[in-house]
>>> print(open('upload.txt').read())   # compact mmCIF, C-alpha atoms and all ligand atoms
# COMPACT_ATOMS: atom_id res chain seq x y z
CA MET A 1 4.84 93.55 39.77
CA ILE A 2 7.98 95.00 38.19
CA PRO A 3 11.02 93.75 40.14
CA TYR A 4 14.29 95.70 40.41
CA SER A 5 16.03 92.90 38.50
CA LYS A 6 15.37 89.47 37.05
CA GLN A 7 16.81 86.84 34.74
CA HIS A 8 16.20 86.68 31.01
CA ILE A 9 15.87 83.08 29.78
CA THR A 10 15.44 82.40 26.04
CA ASP A 11 14.37 79.36 23.98
CA GLU A 12 18.05 78.88 23.14
CA ASP A 13 18.83 78.58 26.88
CA ARG A 14 16.00 76.09 27.43
CA LEU A 15 17.12 73.94 24.51
CA ALA A 16 20.73 73.89 25.73
CA VAL A 17 19.65 72.81 29.23
CA SER A 18 17.35 70.08 27.95
CA HIS A 19 20.17 68.63 25.81
CA VAL A 20 22.33 68.29 28.90
CA LEU A 21 19.48 66.72 30.88
CA GLU A 22 19.19 64.05 28.20
CA SER A 23 22.97 63.45 28.04
CA ASP A 24 25.15 61.15 30.16
CA PHE A 25 26.46 63.88 32.43
CA VAL A 26 24.35 66.20 34.56
CA THR A 27 27.39 67.09 36.67
CA GLN A 28 31.20 66.79 36.35
CA GLY A 29 30.84 66.51 32.59
CA PRO A 30 31.98 68.39 29.48
CA ALA A 31 29.58 71.37 29.79
CA VAL A 32 31.53 72.61 32.83
CA VAL A 33 34.83 72.58 30.94
CA ASP A 34 33.24 74.25 27.89
CA PHE A 35 31.81 77.04 30.04
CA GLU A 36 35.21 77.57 31.69
CA ASP A 37 36.87 77.81 28.26
CA ALA A 38 34.28 80.36 27.10
CA LEU A 39 34.81 82.46 30.25
CA LYS A 40 38.61 82.44 29.72
CA LYS A 41 38.12 83.68 26.19
CA ARG A 42 35.54 86.36 27.01
CA PHE A 43 37.51 87.87 29.89
CA SER A 44 41.02 87.25 28.45
CA VAL A 45 42.27 85.31 31.45
CA GLU A 46 44.37 82.17 31.64
CA HIS A 47 42.25 80.26 34.13
CA ALA A 48 38.57 80.00 35.00
CA VAL A 49 37.13 77.81 37.75
CA VAL A 50 33.34 77.73 37.90
CA CYS A 51 31.60 76.88 41.16
CA SER A 52 28.26 76.75 42.94
CA SER A 53 27.86 80.47 43.75
CA GLY A 54 29.56 83.85 43.75
CA THR A 55 30.06 83.39 47.47
CA ALA A 56 31.83 80.08 46.82
CA ALA A 57 34.01 81.86 44.22
CA LEU A 58 35.08 84.43 46.83
CA HIS A 59 35.70 81.69 49.40
CA LEU A 60 37.77 79.61 46.93
CA SER A 61 39.82 82.57 45.68
CA TYR A 62 40.53 83.88 49.19
CA ALA A 63 41.57 80.37 50.24
CA GLY A 64 43.62 80.00 47.06
CA ILE A 65 45.57 83.18 47.73
CA GLY A 66 46.36 82.02 51.25
CA VAL A 67 43.89 83.92 53.45
CA ASN A 68 43.97 82.56 56.99
CA SER A 69 43.29 83.70 60.55
CA LYS A 70 46.21 86.15 60.40
CA THR A 71 44.97 87.92 57.30
CA ILE A 72 43.23 91.26 57.35
CA GLY A 73 40.48 91.25 54.74
CA ILE A 74 39.63 94.72 53.51
CA VAL A 75 36.21 95.30 51.94
CA PRO A 76 34.14 98.37 51.10
CA ALA A 77 31.43 99.03 53.71
CA ILE A 78 28.81 99.13 50.93
CA THR A 79 28.65 95.67 49.38
CA PHE A 80 26.77 92.39 49.69
CA SER A 81 27.58 90.39 52.84
CA ALA A 82 29.39 87.67 50.88
CA THR A 83 32.42 89.88 50.10
CA ALA A 84 33.18 90.09 53.83
CA ASN A 85 31.72 86.76 55.00
CA ALA A 86 34.11 84.74 52.85
CA PHE A 87 37.01 86.23 54.82
CA ARG A 88 35.32 85.20 58.07
CA TYR A 89 34.87 81.60 56.80
CA LEU A 90 38.67 81.40 56.79
CA GLY A 91 39.07 83.01 60.20
CA ALA A 92 40.39 86.33 58.82
CA GLU A 93 39.33 89.60 60.45
CA VAL A 94 37.53 92.14 58.29
CA ARG A 95 38.29 95.85 58.08
CA PHE A 96 35.70 98.00 56.40
CA CYS A 97 36.66 100.80 54.10
CA ASP A 98 34.60 103.91 53.45
CA VAL A 99 33.08 104.52 50.01
CA ASP A 100 32.56 107.54 47.81
CA GLU A 101 29.20 109.05 48.77
CA LYS A 102 28.23 109.52 45.10
CA THR A 103 29.42 106.28 43.48
CA GLY A 104 29.55 103.75 46.32
CA LEU A 105 33.03 102.74 45.14
CA ILE A 106 35.84 102.12 47.63
CA CYS A 107 37.44 105.34 48.86
CA LEU A 108 41.22 105.40 48.39
CA ASP A 109 41.91 107.76 51.31
CA SER A 110 40.08 105.45 53.65
CA LEU A 111 42.00 102.47 52.25
CA GLU A 112 45.35 104.19 52.72
CA SER A 113 44.54 105.03 56.30
CA ILE A 114 43.79 101.35 56.99
CA LEU A 115 47.08 100.39 55.35
CA ARG A 116 48.98 102.93 57.45
CA SER A 117 47.31 101.78 60.65
CA ILE A 118 49.41 100.16 63.33
CA GLU A 119 47.23 97.10 63.49
CA TYR A 120 47.75 96.41 59.82
CA LYS A 121 51.52 97.05 59.95
CA SER A 122 51.99 94.73 62.91
CA SER A 123 49.85 91.91 61.57
CA LEU A 124 51.95 88.91 60.67
CA CYS A 125 50.13 88.17 57.50
CA ARG A 126 49.47 90.36 54.54
CA GLY A 127 46.22 92.04 53.74
CA VAL A 128 43.89 91.00 51.01
CA ILE A 129 41.50 93.54 49.56
CA SER A 130 38.31 92.77 47.69
CA PRO A 131 37.31 95.96 45.90
CA VAL A 132 33.80 95.69 44.51
CA SER A 133 33.12 97.00 41.02
CA PHE A 134 29.90 98.32 42.44
CA ALA A 135 26.64 98.55 40.46
CA GLY A 136 28.64 98.04 37.25
CA ALA A 137 31.32 100.74 37.60
CA VAL A 138 34.87 99.40 37.73
CA ALA A 139 36.59 99.81 41.13
CA PRO A 140 39.78 101.95 41.13
CA LEU A 141 41.89 98.84 40.48
CA GLN A 142 44.88 100.63 38.94
CA GLU A 143 45.21 102.95 41.92
CA ILE A 144 44.86 100.10 44.41
CA LYS A 145 47.42 98.07 42.48
CA LYS A 146 49.93 100.91 42.97
CA LEU A 147 49.63 100.45 46.74
CA THR A 148 50.36 96.73 46.64
CA PRO A 149 54.18 96.62 46.58
CA VAL A 150 54.50 98.91 49.60
CA HIS A 151 51.96 97.04 51.67
CA GLY A 152 52.25 93.51 50.28
CA LEU A 153 48.57 93.70 49.48
CA LYS A 154 46.76 91.14 47.31
CA ILE A 155 43.72 92.07 45.24
CA ILE A 156 40.65 89.93 44.53
CA GLU A 157 38.15 91.94 42.51
CA ASP A 158 34.53 91.22 43.40
CA ALA A 159 33.19 91.55 39.84
CA SER A 160 29.71 90.19 40.62
CA HIS A 161 28.14 93.42 39.29
CA SER A 162 30.48 94.12 36.43
CA PRO A 163 31.18 91.45 33.80
CA GLY A 164 31.84 93.41 30.59
CA ALA A 165 32.44 96.71 32.39
CA PHE A 166 35.51 98.82 31.58
CA VAL A 167 37.05 102.27 32.11
CA ASP A 168 39.02 104.18 29.53
CA GLY A 169 41.71 105.89 31.58
CA ASP A 170 44.60 108.17 30.59
CA ARG A 171 47.07 105.33 30.40
CA ALA A 172 45.10 102.17 29.77
CA THR A 173 41.67 100.65 29.46
CA VAL A 174 40.85 98.67 32.55
CA HIS A 175 38.45 95.78 32.00
CA SER A 176 36.61 94.39 34.99
CA ALA A 177 37.31 90.69 35.67
CA SER A 178 40.30 90.61 33.29
CA CYS A 179 42.78 90.42 36.22
CA SER A 180 45.21 92.97 34.67
CA TYR A 181 45.22 94.82 37.98
CA SER A 182 44.14 92.07 40.36
CA ASP A 183 45.28 88.60 41.42
CA ALA A 184 41.85 87.15 40.72
CA ALA A 185 38.29 88.21 40.02
CA CYS A 186 35.02 86.62 41.12
CA LEU A 187 31.73 86.47 39.23
CA SER A 188 28.24 85.56 40.44
CA PHE A 189 25.65 83.83 38.28
CA HIS A 190 22.65 84.57 40.52
CA PRO A 191 19.49 85.45 38.51
CA VAL A 192 19.68 89.18 39.35
CA LYS A 193 23.20 89.36 37.85
CA HIS A 194 24.17 89.57 34.15
CA ILE A 195 24.61 85.83 33.61
CA CYS A 196 22.14 83.43 35.23
CA CYS A 197 22.86 79.82 36.20
CA GLY A 198 20.19 79.67 38.94
CA GLU A 199 23.06 79.69 41.41
CA GLY A 200 26.68 79.77 40.30
CA GLY A 201 29.95 81.65 40.25
CA ALA A 202 33.46 81.70 38.83
CA VAL A 203 37.02 82.44 39.87
CA LEU A 204 39.02 84.07 37.06
CA THR A 205 42.79 84.45 37.35
CA ASN A 206 46.13 84.47 35.53
CA ASP A 207 47.78 82.86 38.54
CA LYS A 208 48.04 79.07 38.24
CA THR A 209 48.56 78.64 41.99
CA ILE A 210 45.21 80.28 42.69
CA SER A 211 43.34 78.33 40.02
CA ASP A 212 44.90 74.99 41.03
CA ALA A 213 43.96 75.61 44.65
CA ALA A 214 40.42 76.75 43.76
CA ARG A 215 39.89 73.71 41.54
CA LYS A 216 41.04 71.32 44.22
CA LEU A 217 39.12 72.98 47.07
CA ARG A 218 35.97 73.07 44.91
CA SER A 219 35.92 69.29 45.17
CA HIS A 220 36.75 68.41 48.80
CA GLY A 221 40.51 69.04 48.47
CA ILE A 222 40.83 65.85 46.45
CA GLU A 223 43.56 65.39 43.85
CA ARG A 224 43.58 62.89 41.02
CA PRO A 225 46.49 62.29 38.69
CA TYR A 226 44.73 62.89 35.37
CA ASP A 227 47.25 60.90 33.30
CA ASP A 228 47.66 57.14 33.58
CA SER A 229 51.01 57.43 35.32
CA HIS A 230 49.81 56.05 38.63
CA GLU A 231 49.86 52.28 39.05
CA SER A 232 46.25 52.20 40.35
CA PRO A 233 43.92 53.86 37.86
CA TRP A 234 41.34 54.51 40.57
CA PHE A 235 43.87 56.46 42.62
CA TYR A 236 42.90 59.72 44.30
CA GLN A 237 43.87 61.42 47.52
CA GLN A 238 42.54 64.18 49.71
CA THR A 239 45.39 66.49 50.63
CA GLU A 240 43.42 69.38 52.13
CA LEU A 241 40.04 70.15 53.63
CA GLY A 242 37.85 71.44 50.82
CA TRP A 243 34.14 71.66 50.04
CA ASN A 244 31.66 70.53 47.43
CA TYR A 245 31.31 73.79 45.50
CA ARG A 246 30.79 72.22 42.06
CA LEU A 247 28.54 73.66 39.37
CA THR A 248 26.30 71.12 37.59
CA ASP A 249 26.46 70.63 33.81
CA PHE A 250 22.91 71.92 33.26
CA GLN A 251 23.78 75.11 35.15
CA ALA A 252 27.04 75.43 33.23
CA VAL A 253 25.33 75.12 29.85
CA LEU A 254 22.76 77.72 30.89
CA GLY A 255 25.56 80.08 31.94
CA HIS A 256 27.43 79.40 28.70
CA SER A 257 24.35 80.18 26.61
CA GLN A 258 23.78 83.38 28.62
CA LEU A 259 27.44 84.40 28.30
CA SER A 260 27.11 84.28 24.52
CA ARG A 261 24.44 87.01 24.81
CA LEU A 262 26.34 89.16 27.32
CA ASP A 263 27.10 91.93 24.83
CA ILE A 264 23.51 92.09 23.60
CA GLN A 265 22.23 92.38 27.11
CA LEU A 266 24.85 94.95 28.15
CA GLU A 267 23.57 97.05 25.25
CA ALA A 268 19.95 96.58 26.38
CA ARG A 269 20.89 97.73 29.89
CA ARG A 270 22.78 100.74 28.50
CA LYS A 271 19.73 101.80 26.49
CA ILE A 272 17.54 101.69 29.60
CA ALA A 273 20.11 103.78 31.47
CA GLU A 274 20.01 106.34 28.64
CA THR A 275 16.21 106.48 28.71
CA TYR A 276 16.25 107.05 32.48
CA ASP A 277 19.06 109.57 32.21
CA CYS A 278 17.20 111.58 29.58
CA ALA A 279 13.92 111.62 31.56
CA PHE A 280 15.57 112.43 34.88
CA ALA A 281 17.48 115.46 33.56
CA GLU A 282 14.34 117.57 34.05
CA ALA A 283 12.08 118.74 36.88
CA PRO A 284 10.69 117.36 39.11
CA PHE A 285 13.24 114.53 38.95
CA ASN A 286 16.44 116.56 39.02
CA GLU A 287 15.14 118.58 41.97
CA SER A 288 14.59 115.43 43.99
CA PHE A 289 17.44 113.05 43.22
CA GLU A 290 20.80 112.59 41.53
CA VAL A 291 21.48 109.98 38.86
CA PRO A 292 24.54 107.78 38.29
CA ILE A 293 27.19 108.90 35.80
CA LEU A 294 26.45 107.53 32.32
CA SER A 295 29.93 106.29 31.43
CA PRO A 296 30.39 104.16 28.28
CA GLY A 297 31.91 101.17 30.07
CA HIS A 298 29.30 100.90 32.84
CA SER A 299 27.70 97.43 32.91
CA TRP A 300 24.47 98.71 34.55
CA HIS A 301 23.85 95.87 36.97
CA LEU A 302 22.02 98.48 39.07
CA TYR A 303 20.62 101.92 38.33
CA ILE A 304 20.88 103.71 41.67
CA ILE A 305 19.34 107.14 42.22
CA ARG A 306 20.28 109.20 45.29
CA PHE A 307 17.72 111.44 46.98
CA LYS A 308 18.81 114.89 48.06
CA LEU A 309 16.56 115.14 51.10
CA ALA A 310 16.87 112.80 54.07
CA GLY A 311 13.88 110.55 54.75
CA ILE A 312 12.40 110.78 51.24
CA ARG A 313 13.87 107.52 50.02
CA ASP A 314 11.73 105.23 52.20
CA ARG A 315 8.55 107.07 51.27
CA VAL A 316 9.37 106.73 47.55
CA HIS A 317 10.00 103.01 48.03
CA LYS A 318 6.51 102.60 49.59
CA PHE A 319 4.79 104.79 47.00
CA LEU A 320 6.28 102.82 44.09
CA LYS A 321 5.45 99.49 45.71
CA LYS A 322 1.77 100.48 45.84
CA ARG A 323 1.95 101.03 42.09
CA GLY A 324 3.51 97.61 41.48
CA ILE A 325 7.13 98.75 41.16
CA LEU A 326 9.65 97.09 43.42
CA THR A 327 12.85 98.91 44.32
CA GLN A 328 15.77 97.85 46.49
CA ILE A 329 18.50 99.28 48.73
CA HIS A 330 22.09 98.36 47.78
CA TYR A 331 23.27 98.10 50.51
CA VAL A 332 22.93 98.47 54.26
CA PRO A 333 26.55 99.19 55.32
CA LEU A 334 27.95 95.85 56.48
CA TYR A 335 29.13 97.21 59.85
CA ARG A 336 25.46 97.89 60.74
CA HIS A 337 24.48 94.20 60.60
CA PRO A 338 24.21 92.62 64.08
CA TYR A 339 26.86 90.01 63.25
CA TYR A 340 29.53 92.59 62.39
CA LEU A 341 28.27 95.09 64.96
CA GLU A 342 28.79 92.53 67.69
CA ARG A 343 32.22 91.58 66.40
CA TYR A 344 33.72 95.00 65.66
CA GLY A 345 31.55 97.47 67.60
CA LYS A 346 29.79 100.55 66.35
CA GLN A 347 31.34 102.12 63.27
CA ASN A 348 30.33 105.10 61.25
CA PHE A 349 31.70 105.92 57.83
CA PRO A 350 30.42 109.23 56.45
CA GLY A 351 30.51 108.22 52.76
CA ALA A 352 28.81 104.86 53.36
CA GLU A 353 26.15 106.42 55.61
CA LYS A 354 25.30 109.16 53.11
CA PHE A 355 25.12 106.65 50.28
CA TYR A 356 22.96 104.25 52.28
CA GLN A 357 20.49 106.89 53.48
CA SER A 358 19.86 108.28 50.00
CA CYS A 359 20.17 105.33 47.59
CA LEU A 360 17.38 103.52 45.75
CA SER A 361 17.86 100.92 42.99
CA ILE A 362 15.08 101.23 40.43
CA PRO A 363 14.16 98.49 37.92
CA MET A 364 17.02 97.62 35.54
CA TYR A 365 17.14 94.40 33.53
CA PRO A 366 17.32 93.58 29.81
CA SER A 367 13.68 92.51 29.37
CA LEU A 368 12.24 95.66 31.02
CA SER A 369 9.89 96.87 28.26
CA LEU A 370 9.54 100.46 27.04
CA ASP A 371 6.08 100.63 28.62
CA GLU A 372 7.45 99.41 31.92
CA GLN A 373 10.30 101.94 31.75
CA GLN A 374 7.72 104.67 31.13
CA LEU A 375 5.61 103.47 34.07
CA VAL A 376 8.69 103.67 36.33
CA ILE A 377 9.44 107.19 35.07
CA ASP A 378 5.83 108.42 35.38
CA SER A 379 5.39 106.94 38.84
CA LEU A 380 8.63 108.45 40.07
CA GLY A 381 7.54 111.80 38.62
CA LEU A 382 4.20 111.69 40.45
CA CYS A 383 5.93 110.67 43.62
CA CYS A 384 8.50 113.48 43.44
CA LYS A 385 5.77 116.10 42.88
CA ASP A 386 3.78 114.67 45.79
CA LEU A 387 6.57 114.43 48.29
CA LEU A 388 8.49 117.64 47.71
C1 LIG B 1 25.69 88.64 44.32
C2 LIG B 1 26.93 89.07 44.98
C3 LIG B 1 27.83 88.18 45.59
C4 LIG B 1 27.54 86.73 45.85
O1 LIG B 1 26.97 86.04 44.90
P1 LIG B 1 26.06 84.72 45.11
O2 LIG B 1 26.18 84.11 43.76
O3 LIG B 1 24.69 85.19 45.46
O4 LIG B 1 26.68 83.88 46.17
C5 LIG B 1 29.01 88.68 46.08
N1 LIG B 1 29.29 89.98 46.03
C6 LIG B 1 28.45 90.88 45.48
C7 LIG B 1 28.85 92.31 45.45
C8 LIG B 1 27.24 90.46 44.96
O5 LIG B 1 26.38 91.37 44.46
>>> encode(input="upload.txt", output="C-alpha cells")
Amino acid sequence: MIPYSKQHITDEDRLAVSHVLESDFVTQGPAVVDFEDALKKRFSVEHAVVCSSGTAALHLSYAGIGVNSKTIGIVPAITFSATANAFRYLGAEVRFCDVDEKTGLICLDSLESILRSIEYKSSLCRGVISPVSFAGAVAPLQEIKKLTPVHGLKIIEDASHSPGAFVDGDRATVHSASCSYSDAACLSFHPVKHICCGEGGAVLTNDKTISDAARKLRSHGIERPYDDSHESPWFYQQTELGWNYRLTDFQAVLGHSQLSRLDIQLEARRKIAETYDCAFAEAPFNESFEVPILSPGHSWHLYIIRFKLAGIRDRVHKFLKKRGILTQIHYVPLYRHPYYLERYGKQNFPGAEKFYQSCLSIPMYPSLSLDEQQLVIDSLGLCCKDLL
C-alpha cells in the first residue's frame, strides 16, 4: 500500500536514538535542550519549548497568551480538530472562519466580518486567532497582523504543515513559524508531518512571557529556582495548574536528527510536486481536477487536487484504494463534526464546503519513489478516463 504520507527514518536517526537510550537521561535530559536550541536557530526565534504533541503546543501557547473562558478563538473551518479543540480545553468559545475555495487558507473577508460582529466587540476579552499555514502554504499572516491593533487580536500560527515554508511578498519575505507576524507558532512532530518524533510538538515565540508560561505549564505548573539562591536546594513550588506535556530525550534526539535534514526533505517534496504538476498539466488530468499552485516557498506537507465535478472525488478515492494507493481528505469542515454541530448549530461556509467536497490529498512524502509516483499518476489517469 502507498499511504498519503509517512515518516522517513534513517540510520543516523536510529543511531542517535540508541545513544540516548544508553545514556543516563531518557527524559528531562540534555537532548531536549539541544533540540530546543536547534529549533531556535532554524526558525530564527528567541524561544522554543518542545512538548508531547502539536496539540499540546497549541494548548500551551493559547494558555501562555492568556486564553480563558472569555476569549473568542478564531480558526479556519478547514483544519485539523486540534486547532479549535485547544481553545475549548481552556473554556474559550470558537468562531469558525471561511476559507478560500482554491487554497483552503483563511479568508480575510470572513475574518473581518467576525471581527466587526457585535458578539466579538462586546466580548470582555480579546480574540485570539490561529491561522493555519495549510498544506504547506503560508497563511496571510501580514494581512492578519494589520488587523491586530484595531481589534486587539493575538496571533498564534498553526505551522504544523509548514516548517520551512515562506512567501516572497512585495514588501518582505514571510517565513512560516518565524513569528515575525505572529505572537507564537506551533509545530507538530507527528509522523505524517515534516519532522517526526513519534509524537511531539513545539511552541516557538519571541515573547518571553509566552515561553515562560509554556515551559512552566508543560510540567504541572511547577517552578524551580534554577540557581542555588534558595536556602533549600530541593525547593520547588506549584503556582498554577499545568499538565505533563514533556517530550522525552529519545524523541527529542530523533526530532533533532530529522530537523537537520529538513532542507533535504523539503527539496524532495518539491521535486515530487513538480513531477505531479508536469503530468497533471495535460488531459485527462486537467479536464478532471485542478492542482495546487507551485510556489517556490511551499513546504508540500500535502498535495491536494480539487475535482471539478461534484461526487467524483469519493469514487476516485475508492478506485485508487483498490490499486493500493491511499488518499485522504483534509479536512471535513470542523463545524460539521457532531461535537461542534451540537455546540454551535448548523453552519455553512461556501468556501469551506466547496473545498471539502472537491479535495483529495494524494501521496506526498520524501521517500515516495519515482516508480510509486508514476503508479499514482497512471492510476489517476486511468481513473479520470473511466469516470468522466
Ligand atoms: C497535526 C496537526 C495538529 C496537531 O498535531 P499533533 O501533533 O497530532 O497533536 C494541529 N494542527 C494541524 C493543522 C495539524 O495538521
>>> closest_atom_pairs(input="upload.txt", of="chain A", to="ligand LIG 1 (chain B)", cutoff="9 Å", atoms="only C-alpha atoms and all ligand atoms", output="JSON lines")
{"residue": "A:Ser52", "atom": "CA", "partner": "B:LIG1", "partner_atom": "O2", "distance": 7.7}
{"residue": "A:Ser53", "atom": "CA", "partner": "B:LIG1", "partner_atom": "O2", "distance": 4.0}
{"residue": "A:Gly54", "atom": "CA", "partner": "B:LIG1", "partner_atom": "O2", "distance": 3.4}
{"residue": "A:Thr55", "atom": "CA", "partner": "B:LIG1", "partner_atom": "O4", "distance": 3.7}
{"residue": "A:Ala56", "atom": "CA", "partner": "B:LIG1", "partner_atom": "O4", "distance": 6.4}
{"residue": "A:Ala57", "atom": "CA", "partner": "B:LIG1", "partner_atom": "O4", "distance": 7.8}
{"residue": "A:Leu58", "atom": "CA", "partner": "B:LIG1", "partner_atom": "C5", "distance": 7.4}
{"residue": "A:Ile78", "atom": "CA", "partner": "B:LIG1", "partner_atom": "C7", "distance": 8.7}
{"residue": "A:Thr79", "atom": "CA", "partner": "B:LIG1", "partner_atom": "C7", "distance": 5.2}
{"residue": "A:Phe80", "atom": "CA", "partner": "B:LIG1", "partner_atom": "C7", "distance": 4.7}
{"residue": "A:Ser81", "atom": "CA", "partner": "B:LIG1", "partner_atom": "N1", "distance": 7.0}
{"residue": "A:Ala82", "atom": "CA", "partner": "B:LIG1", "partner_atom": "C5", "distance": 4.9}
{"residue": "A:Thr83", "atom": "CA", "partner": "B:LIG1", "partner_atom": "N1", "distance": 5.1}
{"residue": "A:Ala84", "atom": "CA", "partner": "B:LIG1", "partner_atom": "N1", "distance": 8.7}
{"residue": "A:Val132", "atom": "CA", "partner": "B:LIG1", "partner_atom": "C7", "distance": 6.1}
{"residue": "A:Ser133", "atom": "CA", "partner": "B:LIG1", "partner_atom": "C7", "distance": 7.7}
{"residue": "A:Phe134", "atom": "CA", "partner": "B:LIG1", "partner_atom": "C7", "distance": 6.8}
{"residue": "A:Ala135", "atom": "CA", "partner": "B:LIG1", "partner_atom": "O5", "distance": 8.2}
{"residue": "A:Asp158", "atom": "CA", "partner": "B:LIG1", "partner_atom": "N1", "distance": 6.0}
{"residue": "A:Ala159", "atom": "CA", "partner": "B:LIG1", "partner_atom": "C7", "distance": 7.1}
{"residue": "A:Ser160", "atom": "CA", "partner": "B:LIG1", "partner_atom": "C8", "distance": 5.0}
{"residue": "A:His161", "atom": "CA", "partner": "B:LIG1", "partner_atom": "O5", "distance": 5.8}
{"residue": "A:Cys186", "atom": "CA", "partner": "B:LIG1", "partner_atom": "C5", "distance": 8.1}
{"residue": "A:Leu187", "atom": "CA", "partner": "B:LIG1", "partner_atom": "O1", "distance": 7.4}
{"residue": "A:Ser188", "atom": "CA", "partner": "B:LIG1", "partner_atom": "O2", "distance": 4.2}
{"residue": "A:Phe189", "atom": "CA", "partner": "B:LIG1", "partner_atom": "O2", "distance": 5.5}
{"residue": "A:His190", "atom": "CA", "partner": "B:LIG1", "partner_atom": "O2", "distance": 4.8}
{"residue": "A:Pro191", "atom": "CA", "partner": "B:LIG1", "partner_atom": "O2", "distance": 8.6}
{"residue": "A:Val192", "atom": "CA", "partner": "B:LIG1", "partner_atom": "C1", "distance": 7.8}
{"residue": "A:Lys193", "atom": "CA", "partner": "B:LIG1", "partner_atom": "C1", "distance": 7.0}
{"residue": "A:Gly198", "atom": "CA", "partner": "B:LIG1", "partner_atom": "O2", "distance": 8.9}
{"residue": "A:Glu199", "atom": "CA", "partner": "B:LIG1", "partner_atom": "O2", "distance": 5.9}
{"residue": "A:Gly200", "atom": "CA", "partner": "B:LIG1", "partner_atom": "O2", "distance": 5.6}
{"residue": "A:Gly201", "atom": "CA", "partner": "B:LIG1", "partner_atom": "O2", "distance": 5.7}
{"residue": "A:His330", "atom": "CA", "partner": "B:LIG1", "partner_atom": "O5", "distance": 8.8}
>>> closest_atom_pairs(input="upload.txt", of="stretch 74-176 of chain A", to="stretch 356-362 of chain A", cutoff="12 Å", atoms="only C-alpha atoms", output="CSV")
residue,atom,partner,partner_atom,distance
A:Ala77,CA,A:Tyr356,CA,10.1
A:Ile78,CA,A:Tyr356,CA,7.9
A:Thr79,CA,A:Tyr356,CA,10.7
A:Asp98,CA,A:Tyr356,CA,11.7
A:Val99,CA,A:Tyr356,CA,10.4
A:Asp100,CA,A:Tyr356,CA,11.1
A:Glu101,CA,A:Tyr356,CA,8.6
A:Lys102,CA,A:Cys359,CA,9.4
A:Thr103,CA,A:Cys359,CA,10.2
A:Gly104,CA,A:Tyr356,CA,8.9
A:Ala135,CA,A:Ser361,CA,9.4
>>> closest_residue(input="upload.txt", among="A:Leu254, A:Tyr340, A:Pro131, A:Pro296", to="A:Thr173", atoms="all atoms listed in the file")
A:Pro296
>>> closest_residue(input="upload.txt", among="A:Ile144, A:Ala48, A:Ile114, A:Val253", to="A:Pro30", atoms="only C-alpha atoms")
A:Val253
>>> residues_around(input="upload.txt", residues="stretch 202-205 of chain A", least_positions_apart="2", cutoff="7 Å", atoms="only C-alpha atoms", output="PyMOL selection string")
chain A and resi 45-51+54+57+61+177+179+183-188+207+211
>>> closest_residue(input="upload.txt", among="A:Ala281, A:Ala310, A:Leu247, A:Met364", to="A:Tyr4", atoms="only C-alpha atoms")
A:Met364
>>> residues_around(input="upload.txt", residues="stretch 23-26 of chain A", least_positions_apart="6", cutoff="10 Å", atoms="all atoms listed in the file", output="PDB file with C-alpha atoms, in the coordinates of the input")
ATOM      1  CA  VAL A  17      19.650  72.810  29.230  1.00  0.00           C
ATOM      2  CA  VAL A  32      31.530  72.610  32.830  1.00  0.00           C
ATOM      3  CA  LEU A 247      28.540  73.660  39.370  1.00  0.00           C
ATOM      4  CA  THR A 248      26.300  71.120  37.590  1.00  0.00           C
ATOM      5  CA  ASP A 249      26.460  70.630  33.810  1.00  0.00           C
ATOM      6  CA  PHE A 250      22.910  71.920  33.260  1.00  0.00           C
ATOM      7  CA  GLN A 251      23.780  75.110  35.150  1.00  0.00           C
ATOM      8  CA  ALA A 252      27.040  75.430  33.230  1.00  0.00           C
TER       9      ALA A 252
END
>>> residues_around(input="upload.txt", residues="A:Ala137", least_positions_apart="6", cutoff="7 Å", atoms="only C-alpha atoms", output="ChimeraX atom specification")
/A:162,165,298-299
>>> write_last_selection(input="upload.txt", atoms="C-alpha atoms", output="PDB file, in the frame of the given file")
ATOM      1  CA  SER A 162      30.480  94.120  36.430  1.00  0.00           C
ATOM      2  CA  ALA A 165      32.440  96.710  32.390  1.00  0.00           C
ATOM      3  CA  HIS A 298      29.300 100.900  32.840  1.00  0.00           C
ATOM      4  CA  SER A 299      27.700  97.430  32.910  1.00  0.00           C
TER       5      SER A 299
END
